[in-house]
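Containing mmCIF, N, CA and C atoms: model.cif.
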```
data_work
loop_
_atom_site.label_atom_id
_atom_site.label_comp_id
_atom_site.auth_asym_id
_atom_site.auth_seq_id
_atom_site.Cartn_x
_atom_site.Cartn_y
_atom_site.Cartn_z
N ALA A 120 145.62 -2.40 123.56
CA ALA A 120 146.76 -2.63 122.70
C ALA A 120 146.34 -3.42 121.48
N SER A 121 145.38 -4.31 121.64
CA SER A 121 144.96 -5.12 120.50
C SER A 121 144.22 -4.28 119.48
N ALA A 122 143.52 -3.21 119.91
CA ALA A 122 142.81 -2.34 118.97
C ALA A 122 143.80 -1.58 118.10
N VAL A 123 144.93 -1.17 118.71
CA VAL A 123 145.94 -0.43 117.95
C VAL A 123 146.61 -1.36 116.94
N SER A 124 146.98 -2.55 117.36
CA SER A 124 147.62 -3.49 116.44
C SER A 124 146.66 -3.90 115.33
N ARG A 125 145.36 -4.03 115.70
CA ARG A 125 144.37 -4.39 114.68
C ARG A 125 144.24 -3.25 113.66
N ALA A 126 144.25 -1.98 114.14
CA ALA A 126 144.14 -0.84 113.24
C ALA A 126 145.38 -0.73 112.34
N SER A 127 146.57 -0.95 112.92
CA SER A 127 147.79 -0.86 112.09
C SER A 127 147.83 -2.00 111.08
N LEU A 128 147.38 -3.19 111.50
CA LEU A 128 147.34 -4.32 110.57
C LEU A 128 146.36 -4.04 109.44
N GLN A 129 145.23 -3.44 109.79
CA GLN A 129 144.23 -3.12 108.78
C GLN A 129 144.77 -2.05 107.81
N SER A 130 145.50 -1.06 108.33
CA SER A 130 146.05 -0.02 107.44
C SER A 130 147.11 -0.62 106.52
N HIS A 131 147.92 -1.56 107.05
CA HIS A 131 148.91 -2.24 106.19
C HIS A 131 148.22 -3.04 105.10
N ILE A 132 147.14 -3.69 105.43
CA ILE A 132 146.39 -4.48 104.43
C ILE A 132 145.81 -3.55 103.38
N GLU A 133 145.27 -2.41 103.81
CA GLU A 133 144.69 -1.46 102.86
C GLU A 133 145.76 -0.90 101.92
N GLU A 134 146.95 -0.59 102.47
CA GLU A 134 148.04 -0.11 101.61
C GLU A 134 148.45 -1.16 100.59
N ALA A 135 148.54 -2.41 101.01
CA ALA A 135 148.91 -3.49 100.09
C ALA A 135 147.87 -3.65 99.00
N VAL A 136 146.59 -3.54 99.37
CA VAL A 136 145.51 -3.67 98.38
C VAL A 136 145.59 -2.51 97.38
N GLN A 137 145.84 -1.29 97.88
CA GLN A 137 145.92 -0.13 96.98
C GLN A 137 147.12 -0.26 96.03
N LYS A 138 148.24 -0.77 96.54
CA LYS A 138 149.39 -0.97 95.67
C LYS A 138 149.07 -2.00 94.59
N GLU A 139 148.38 -3.05 94.97
CA GLU A 139 148.03 -4.09 94.00
C GLU A 139 147.07 -3.57 92.95
N VAL A 140 146.13 -2.70 93.37
CA VAL A 140 145.18 -2.11 92.43
C VAL A 140 145.90 -1.14 91.49
N ALA A 141 146.89 -0.39 92.03
CA ALA A 141 147.60 0.58 91.22
C ALA A 141 148.48 -0.10 90.17
N ARG A 142 148.93 -1.31 90.45
CA ARG A 142 149.72 -2.05 89.46
C ARG A 142 148.87 -2.37 88.26
N SER A 143 149.49 -2.34 87.10
CA SER A 143 148.77 -2.73 85.90
C SER A 143 149.66 -3.66 85.08
N ALA A 144 149.09 -4.25 84.08
CA ALA A 144 149.85 -5.15 83.23
C ALA A 144 150.95 -4.39 82.49
N LEU A 145 150.67 -3.15 82.10
CA LEU A 145 151.66 -2.35 81.38
C LEU A 145 152.86 -2.03 82.27
N VAL A 146 152.59 -1.64 83.52
CA VAL A 146 153.68 -1.35 84.46
C VAL A 146 154.50 -2.61 84.71
N ASP A 147 153.84 -3.74 84.88
CA ASP A 147 154.55 -5.01 85.09
C ASP A 147 155.41 -5.35 83.87
N TYR A 148 154.86 -5.15 82.67
CA TYR A 148 155.59 -5.45 81.44
C TYR A 148 156.82 -4.56 81.30
N ARG A 149 156.65 -3.26 81.57
CA ARG A 149 157.79 -2.35 81.49
C ARG A 149 158.86 -2.69 82.51
N ARG A 150 158.45 -3.07 83.72
CA ARG A 150 159.41 -3.48 84.73
C ARG A 150 160.15 -4.74 84.28
N PHE A 151 159.40 -5.68 83.69
CA PHE A 151 159.99 -6.91 83.17
C PHE A 151 161.04 -6.62 82.10
N LEU A 152 160.71 -5.71 81.16
CA LEU A 152 161.66 -5.34 80.12
C LEU A 152 162.90 -4.67 80.71
N GLN A 153 162.71 -3.74 81.64
CA GLN A 153 163.83 -3.04 82.26
C GLN A 153 164.73 -4.02 83.02
N GLU A 154 164.13 -4.96 83.72
CA GLU A 154 164.94 -5.95 84.45
C GLU A 154 165.73 -6.82 83.47
N GLY A 155 165.12 -7.12 82.30
CA GLY A 155 165.84 -7.89 81.28
C GLY A 155 167.03 -7.12 80.74
N HIS A 156 166.84 -5.82 80.47
CA HIS A 156 167.94 -4.98 80.01
C HIS A 156 169.04 -4.90 81.07
N ASP A 157 168.62 -4.76 82.33
CA ASP A 157 169.61 -4.68 83.41
C ASP A 157 170.41 -5.98 83.51
N ARG A 158 169.72 -7.12 83.36
CA ARG A 158 170.42 -8.41 83.42
C ARG A 158 171.42 -8.53 82.27
N GLN A 159 171.01 -8.12 81.05
CA GLN A 159 171.92 -8.19 79.90
C GLN A 159 173.13 -7.29 80.10
N ARG A 160 172.89 -6.08 80.61
CA ARG A 160 173.99 -5.15 80.86
C ARG A 160 174.95 -5.72 81.90
N ALA A 161 174.40 -6.26 82.99
CA ALA A 161 175.25 -6.84 84.03
C ALA A 161 176.04 -8.03 83.48
N LYS A 162 175.40 -8.82 82.62
CA LYS A 162 176.07 -9.97 82.02
C LYS A 162 177.24 -9.51 81.14
N ARG A 163 177.03 -8.43 80.37
CA ARG A 163 178.09 -7.90 79.52
C ARG A 163 179.25 -7.37 80.36
N TRP A 164 178.95 -6.67 81.47
CA TRP A 164 179.99 -6.08 82.30
C TRP A 164 180.77 -7.14 83.06
N GLU A 165 180.17 -8.31 83.27
CA GLU A 165 180.88 -9.37 83.98
C GLU A 165 181.86 -10.11 83.06
N MET A 166 181.71 -9.94 81.75
CA MET A 166 182.62 -10.60 80.80
C MET A 166 184.02 -10.00 80.91
N PRO A 167 185.04 -10.80 80.63
CA PRO A 167 186.40 -10.23 80.55
C PRO A 167 186.49 -9.28 79.36
N LEU A 168 187.43 -8.34 79.44
CA LEU A 168 187.53 -7.31 78.40
C LEU A 168 187.73 -7.90 77.01
N HIS A 169 188.53 -8.94 76.88
CA HIS A 169 188.84 -9.47 75.55
C HIS A 169 187.66 -10.21 74.93
N LEU A 170 186.63 -10.51 75.71
CA LEU A 170 185.46 -11.19 75.16
C LEU A 170 184.28 -10.25 74.91
N ARG A 171 184.37 -9.02 75.41
CA ARG A 171 183.26 -8.09 75.21
C ARG A 171 183.15 -7.68 73.75
N THR A 172 181.93 -7.51 73.30
CA THR A 172 181.74 -7.08 71.91
C THR A 172 181.83 -5.57 71.84
N GLY A 173 182.35 -5.07 70.72
CA GLY A 173 182.48 -3.64 70.51
C GLY A 173 181.55 -3.19 69.41
N PRO A 174 181.89 -2.08 68.77
CA PRO A 174 181.07 -1.61 67.65
C PRO A 174 181.18 -2.59 66.49
N GLY A 175 180.27 -2.50 65.56
CA GLY A 175 180.27 -3.39 64.42
C GLY A 175 181.54 -3.24 63.59
N PRO A 176 181.98 -4.29 62.92
CA PRO A 176 183.22 -4.22 62.17
C PRO A 176 183.15 -3.26 60.98
N VAL A 177 181.96 -2.96 60.49
CA VAL A 177 181.84 -2.06 59.34
C VAL A 177 182.15 -0.63 59.76
N ALA A 178 181.65 -0.21 60.92
CA ALA A 178 181.84 1.17 61.38
C ALA A 178 182.97 1.29 62.39
N GLN A 179 183.83 0.31 62.48
CA GLN A 179 184.89 0.30 63.49
C GLN A 179 185.79 1.53 63.34
N GLY A 180 185.72 2.44 64.28
CA GLY A 180 186.58 3.61 64.28
C GLY A 180 186.21 4.67 63.27
N PHE A 181 185.12 4.51 62.56
CA PHE A 181 184.74 5.49 61.54
C PHE A 181 183.29 5.87 61.75
N PRO A 182 183.01 7.09 62.19
CA PRO A 182 181.62 7.46 62.46
C PRO A 182 180.79 7.50 61.19
N PRO A 183 179.51 7.23 61.28
CA PRO A 183 178.67 7.26 60.08
C PRO A 183 178.60 8.67 59.50
N GLN A 184 178.66 8.77 58.19
CA GLN A 184 178.62 10.05 57.50
C GLN A 184 177.19 10.33 57.06
N MET A 185 176.72 11.53 57.33
CA MET A 185 175.37 11.90 56.95
C MET A 185 175.33 12.70 55.65
N LEU A 186 176.50 12.88 55.02
CA LEU A 186 176.58 13.58 53.74
C LEU A 186 176.86 12.57 52.63
N THR A 187 176.39 12.88 51.44
CA THR A 187 176.74 12.04 50.31
C THR A 187 178.21 12.26 49.96
N ALA A 188 178.78 11.36 49.19
CA ALA A 188 180.19 11.48 48.82
C ALA A 188 180.42 12.75 47.99
N THR A 189 179.46 13.09 47.14
CA THR A 189 179.59 14.29 46.32
C THR A 189 179.59 15.55 47.19
N ALA A 190 178.63 15.63 48.11
CA ALA A 190 178.55 16.81 48.98
C ALA A 190 179.80 16.93 49.84
N ASP A 191 180.32 15.80 50.31
CA ASP A 191 181.53 15.83 51.13
C ASP A 191 182.72 16.29 50.30
N ALA A 192 182.84 15.78 49.07
CA ALA A 192 183.95 16.17 48.21
C ALA A 192 183.88 17.65 47.83
N LEU A 193 182.68 18.19 47.69
CA LEU A 193 182.54 19.60 47.33
C LEU A 193 182.79 20.53 48.51
N SER A 194 182.46 20.08 49.72
CA SER A 194 182.61 20.96 50.89
C SER A 194 184.00 20.87 51.52
N ARG A 195 184.74 19.79 51.28
CA ARG A 195 186.04 19.61 51.93
C ARG A 195 187.06 20.69 51.58
N PRO A 196 187.23 21.11 50.31
CA PRO A 196 188.22 22.16 50.05
C PRO A 196 187.92 23.47 50.77
N ILE A 197 186.66 23.80 50.95
CA ILE A 197 186.28 25.01 51.66
C ILE A 197 186.66 24.89 53.13
N GLN A 198 186.38 23.73 53.72
CA GLN A 198 186.74 23.51 55.12
C GLN A 198 188.25 23.55 55.30
N MET A 199 188.98 22.98 54.35
CA MET A 199 190.44 22.97 54.47
C MET A 199 191.03 24.36 54.28
N ALA A 200 190.42 25.17 53.44
CA ALA A 200 190.95 26.52 53.21
C ALA A 200 190.81 27.39 54.45
N VAL A 201 189.81 27.11 55.27
CA VAL A 201 189.60 27.89 56.48
C VAL A 201 190.51 27.40 57.61
N ASP A 202 190.82 26.11 57.62
CA ASP A 202 191.64 25.52 58.67
C ASP A 202 193.10 25.94 58.48
N PRO A 203 193.75 26.58 59.49
CA PRO A 203 195.12 27.06 59.31
C PRO A 203 196.12 25.95 59.03
N LYS A 204 195.89 24.77 59.58
CA LYS A 204 196.82 23.66 59.33
C LYS A 204 196.89 23.36 57.84
N TRP A 205 195.74 23.29 57.19
CA TRP A 205 195.71 22.93 55.78
C TRP A 205 196.10 24.11 54.90
N SER A 206 195.72 25.31 55.29
CA SER A 206 195.93 26.44 54.37
C SER A 206 197.36 26.95 54.39
N THR A 207 198.11 26.77 55.49
CA THR A 207 199.46 27.33 55.52
C THR A 207 200.53 26.26 55.67
N GLU A 208 200.46 25.46 56.72
CA GLU A 208 201.54 24.52 57.00
C GLU A 208 201.68 23.47 55.90
N LEU A 209 200.56 22.87 55.50
CA LEU A 209 200.65 21.83 54.49
C LEU A 209 200.99 22.41 53.12
N LYS A 210 200.59 23.64 52.85
CA LYS A 210 200.96 24.26 51.59
C LYS A 210 202.47 24.48 51.55
N ARG A 211 203.03 24.91 52.68
CA ARG A 211 204.47 25.10 52.75
C ARG A 211 205.20 23.77 52.56
N MET A 212 204.68 22.71 53.20
CA MET A 212 205.31 21.40 53.03
C MET A 212 205.21 20.93 51.58
N ASN A 213 204.09 21.16 50.95
CA ASN A 213 203.90 20.76 49.55
C ASN A 213 204.85 21.54 48.64
N ASP A 214 205.02 22.83 48.91
CA ASP A 214 205.95 23.63 48.11
C ASP A 214 207.38 23.13 48.25
N LYS A 215 207.78 22.76 49.49
CA LYS A 215 209.13 22.24 49.70
C LYS A 215 209.31 20.91 48.98
N ALA A 216 208.28 20.06 49.03
CA ALA A 216 208.38 18.78 48.31
C ALA A 216 208.49 19.03 46.81
N GLY A 217 207.75 20.01 46.29
CA GLY A 217 207.84 20.35 44.87
C GLY A 217 209.22 20.86 44.51
N GLN A 218 209.82 21.69 45.37
CA GLN A 218 211.17 22.19 45.12
C GLN A 218 212.20 21.06 45.11
N ARG A 219 212.02 20.10 46.04
CA ARG A 219 212.94 18.95 46.09
C ARG A 219 212.81 18.11 44.83
N ILE A 220 211.57 17.86 44.39
CA ILE A 220 211.36 17.07 43.17
C ILE A 220 211.96 17.79 41.97
N GLU A 221 211.78 19.10 41.90
CA GLU A 221 212.35 19.89 40.81
C GLU A 221 213.89 19.81 40.83
N TYR A 222 214.50 19.93 42.01
CA TYR A 222 215.95 19.84 42.15
C TYR A 222 216.46 18.47 41.68
N GLU A 223 215.77 17.40 42.15
CA GLU A 223 216.20 16.05 41.77
C GLU A 223 215.99 15.82 40.27
N ARG A 224 214.96 16.39 39.69
CA ARG A 224 214.71 16.24 38.26
C ARG A 224 215.84 16.88 37.46
N ARG A 225 216.28 18.06 37.89
CA ARG A 225 217.35 18.76 37.16
C ARG A 225 218.68 18.02 37.30
N LEU A 226 218.89 17.36 38.45
CA LEU A 226 220.14 16.62 38.65
C LEU A 226 220.14 15.28 37.94
N ALA A 227 218.99 14.75 37.63
CA ALA A 227 218.91 13.40 37.09
C ALA A 227 219.49 13.28 35.69
N ALA A 228 219.55 14.37 34.97
CA ALA A 228 220.06 14.37 33.59
C ALA A 228 219.30 13.34 32.77
N ALA A 229 217.98 13.39 32.85
CA ALA A 229 217.15 12.40 32.18
C ALA A 229 216.92 12.70 30.71
N VAL A 230 217.22 13.91 30.26
CA VAL A 230 217.01 14.28 28.87
C VAL A 230 218.25 13.84 28.07
N PRO A 231 218.05 13.25 26.88
CA PRO A 231 219.22 12.82 26.10
C PRO A 231 220.15 14.00 25.81
N GLY A 232 221.41 13.80 26.03
CA GLY A 232 222.40 14.83 25.77
C GLY A 232 222.73 15.68 26.98
N SER A 233 221.96 15.57 28.05
CA SER A 233 222.27 16.38 29.24
C SER A 233 223.20 15.59 30.14
N ILE A 234 223.97 16.31 30.91
CA ILE A 234 224.89 15.65 31.84
C ILE A 234 224.70 16.24 33.23
N LEU A 235 225.14 15.50 34.20
CA LEU A 235 225.06 15.94 35.59
C LEU A 235 226.05 17.07 35.81
N PRO A 236 225.62 18.20 36.37
CA PRO A 236 226.56 19.30 36.56
C PRO A 236 227.61 18.98 37.62
N GLU A 237 228.78 19.59 37.47
CA GLU A 237 229.83 19.39 38.47
C GLU A 237 229.50 20.21 39.71
N LEU A 238 230.19 19.92 40.79
CA LEU A 238 229.88 20.51 42.09
C LEU A 238 229.84 22.04 42.08
N PRO A 239 230.80 22.74 41.43
CA PRO A 239 230.71 24.21 41.47
C PRO A 239 229.49 24.76 40.71
N PHE A 240 228.96 23.98 39.79
CA PHE A 240 227.84 24.45 38.98
C PHE A 240 226.49 23.84 39.38
N MET A 241 226.47 23.17 40.54
CA MET A 241 225.22 22.53 41.01
C MET A 241 224.18 23.61 41.29
N TYR A 242 222.94 23.22 41.16
CA TYR A 242 221.84 24.13 41.41
C TYR A 242 221.68 24.35 42.92
N PRO A 243 221.17 25.50 43.34
CA PRO A 243 220.98 25.71 44.79
C PRO A 243 219.85 24.82 45.32
N LYS A 244 220.02 24.37 46.56
CA LYS A 244 219.01 23.50 47.19
C LYS A 244 218.01 24.38 47.92
N LYS A 245 216.95 24.79 47.22
CA LYS A 245 215.94 25.66 47.82
C LYS A 245 215.04 24.92 48.80
N HIS A 246 214.99 23.60 48.68
CA HIS A 246 214.06 22.82 49.50
C HIS A 246 214.58 22.52 50.90
N ILE A 247 215.86 22.78 51.16
CA ILE A 247 216.41 22.51 52.49
C ILE A 247 216.19 23.73 53.36
N SER A 248 215.58 23.53 54.51
CA SER A 248 215.31 24.65 55.41
C SER A 248 216.36 24.67 56.51
N ASN A 249 216.64 25.87 57.01
CA ASN A 249 217.59 26.01 58.10
C ASN A 249 216.92 26.80 59.21
N PRO A 250 216.62 26.26 60.35
CA PRO A 250 216.91 24.91 60.82
C PRO A 250 216.03 23.88 60.11
N PRO A 251 216.34 22.57 60.26
CA PRO A 251 215.54 21.54 59.59
C PRO A 251 214.06 21.66 59.93
N THR A 252 213.23 21.14 59.03
CA THR A 252 211.78 21.34 59.11
C THR A 252 211.13 20.94 60.43
N PRO A 253 211.46 19.79 61.04
CA PRO A 253 210.74 19.45 62.28
C PRO A 253 211.19 20.26 63.49
N PHE A 254 211.90 21.38 63.29
CA PHE A 254 212.35 22.22 64.39
C PHE A 254 211.12 22.77 65.15
N PHE A 255 211.18 22.69 66.47
CA PHE A 255 210.02 23.10 67.29
C PHE A 255 210.49 23.80 68.54
N GLU A 256 209.90 24.95 68.81
CA GLU A 256 210.11 25.64 70.07
C GLU A 256 208.75 25.81 70.72
N PRO A 257 208.57 25.37 71.97
CA PRO A 257 207.27 25.51 72.63
C PRO A 257 206.86 26.97 72.75
N GLY A 258 205.63 27.26 72.37
CA GLY A 258 205.08 28.60 72.51
C GLY A 258 205.45 29.56 71.40
N VAL A 259 206.32 29.14 70.47
CA VAL A 259 206.73 30.01 69.37
C VAL A 259 206.03 29.55 68.11
N ARG A 260 205.35 30.50 67.46
CA ARG A 260 204.62 30.17 66.25
C ARG A 260 205.40 30.72 65.05
N ARG A 261 205.71 29.84 64.14
CA ARG A 261 206.48 30.24 62.96
C ARG A 261 205.52 30.54 61.82
N GLY A 262 205.76 31.60 61.08
CA GLY A 262 204.85 31.96 60.02
C GLY A 262 205.56 32.08 58.78
#
```
Starting from the file, lay out its structure as structure tokens.
Amino acid sequence: ASAVSRASLQSHIEEAVQKEVARSALVDYRRFLQEGHDRQRAKRWEMPLHLRTGPGPVAQGFPPQMLTATADALSRPIQMAVDPKWSTELKRMNDKAGQRIEYERRLAAAVPGSILPELPFMYPKKHISNPPTPFFEPGVRRG
């Protein structure tokens, strides 16, 4: 029994020596750095939510842009023309706002000598939609 225990003890010693030889300063350094990162991460996660740091205040909520301002300004109208929201819905809203401004301008009687028309002679209200503009039916697309 002592020969078996001596052999197993010797094999354990040999394994420990091989592990020690396989270790290097670089592996130890990398492990040290990783453990430091893990400690910092654990320290951050243990903080209460209101004390945790977020993204920098300069980029808060705004992703960094990889285009120059000129390139962005030149490419934006093309992107908007392709997007249906910008090309149709917002154009319709802009046209309605223009019609309302035109209607109010004509009613204002801002030119010297002009007067506000009486009710029977009022201009038609082209800017009012029927049903009102925010009308929404699920699944129905208005064109």
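Every residue that the PyMOL selection byres (((chain A and resi 233-245 and name CA) around 10) and name CA) selects in this file is listed here: Lys215, Gln218, Arg219, Glu221, Tyr222, Glu223, Arg225, Leu226, Ala227, Ala228, Ala229, Val230, Pro231, Gly232, His246, Ile247 and Ser248 of chain A.
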Enumerate as a PyMOL selection string all residues of chain A assigned to helix (DSSP H, G or I) by DSSP on the backbone, naming them with the chain letters and numbers the document uses.
chain A and resi 121-141+144-165+168-170+188-201+203-227+238-240
What separation in Å, quoted to one decimal, exists between atom N of Gly258 (chain A) and atom C of Val201 (chain A)?
21.1 Å
Straight-line distance linking atom N of Glu256 (chain A) with CA of Asn213 (chain A), stated in Å to one decimal:
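Result for atom N of Glu256 (chain A) versus CA of Asn213 (chain A): 20.6 Å, one decimal.
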In Å to one decimal, how far is CA of Ala141 (chain A) from CA of Gln129 (chain A)?
18.3 Å
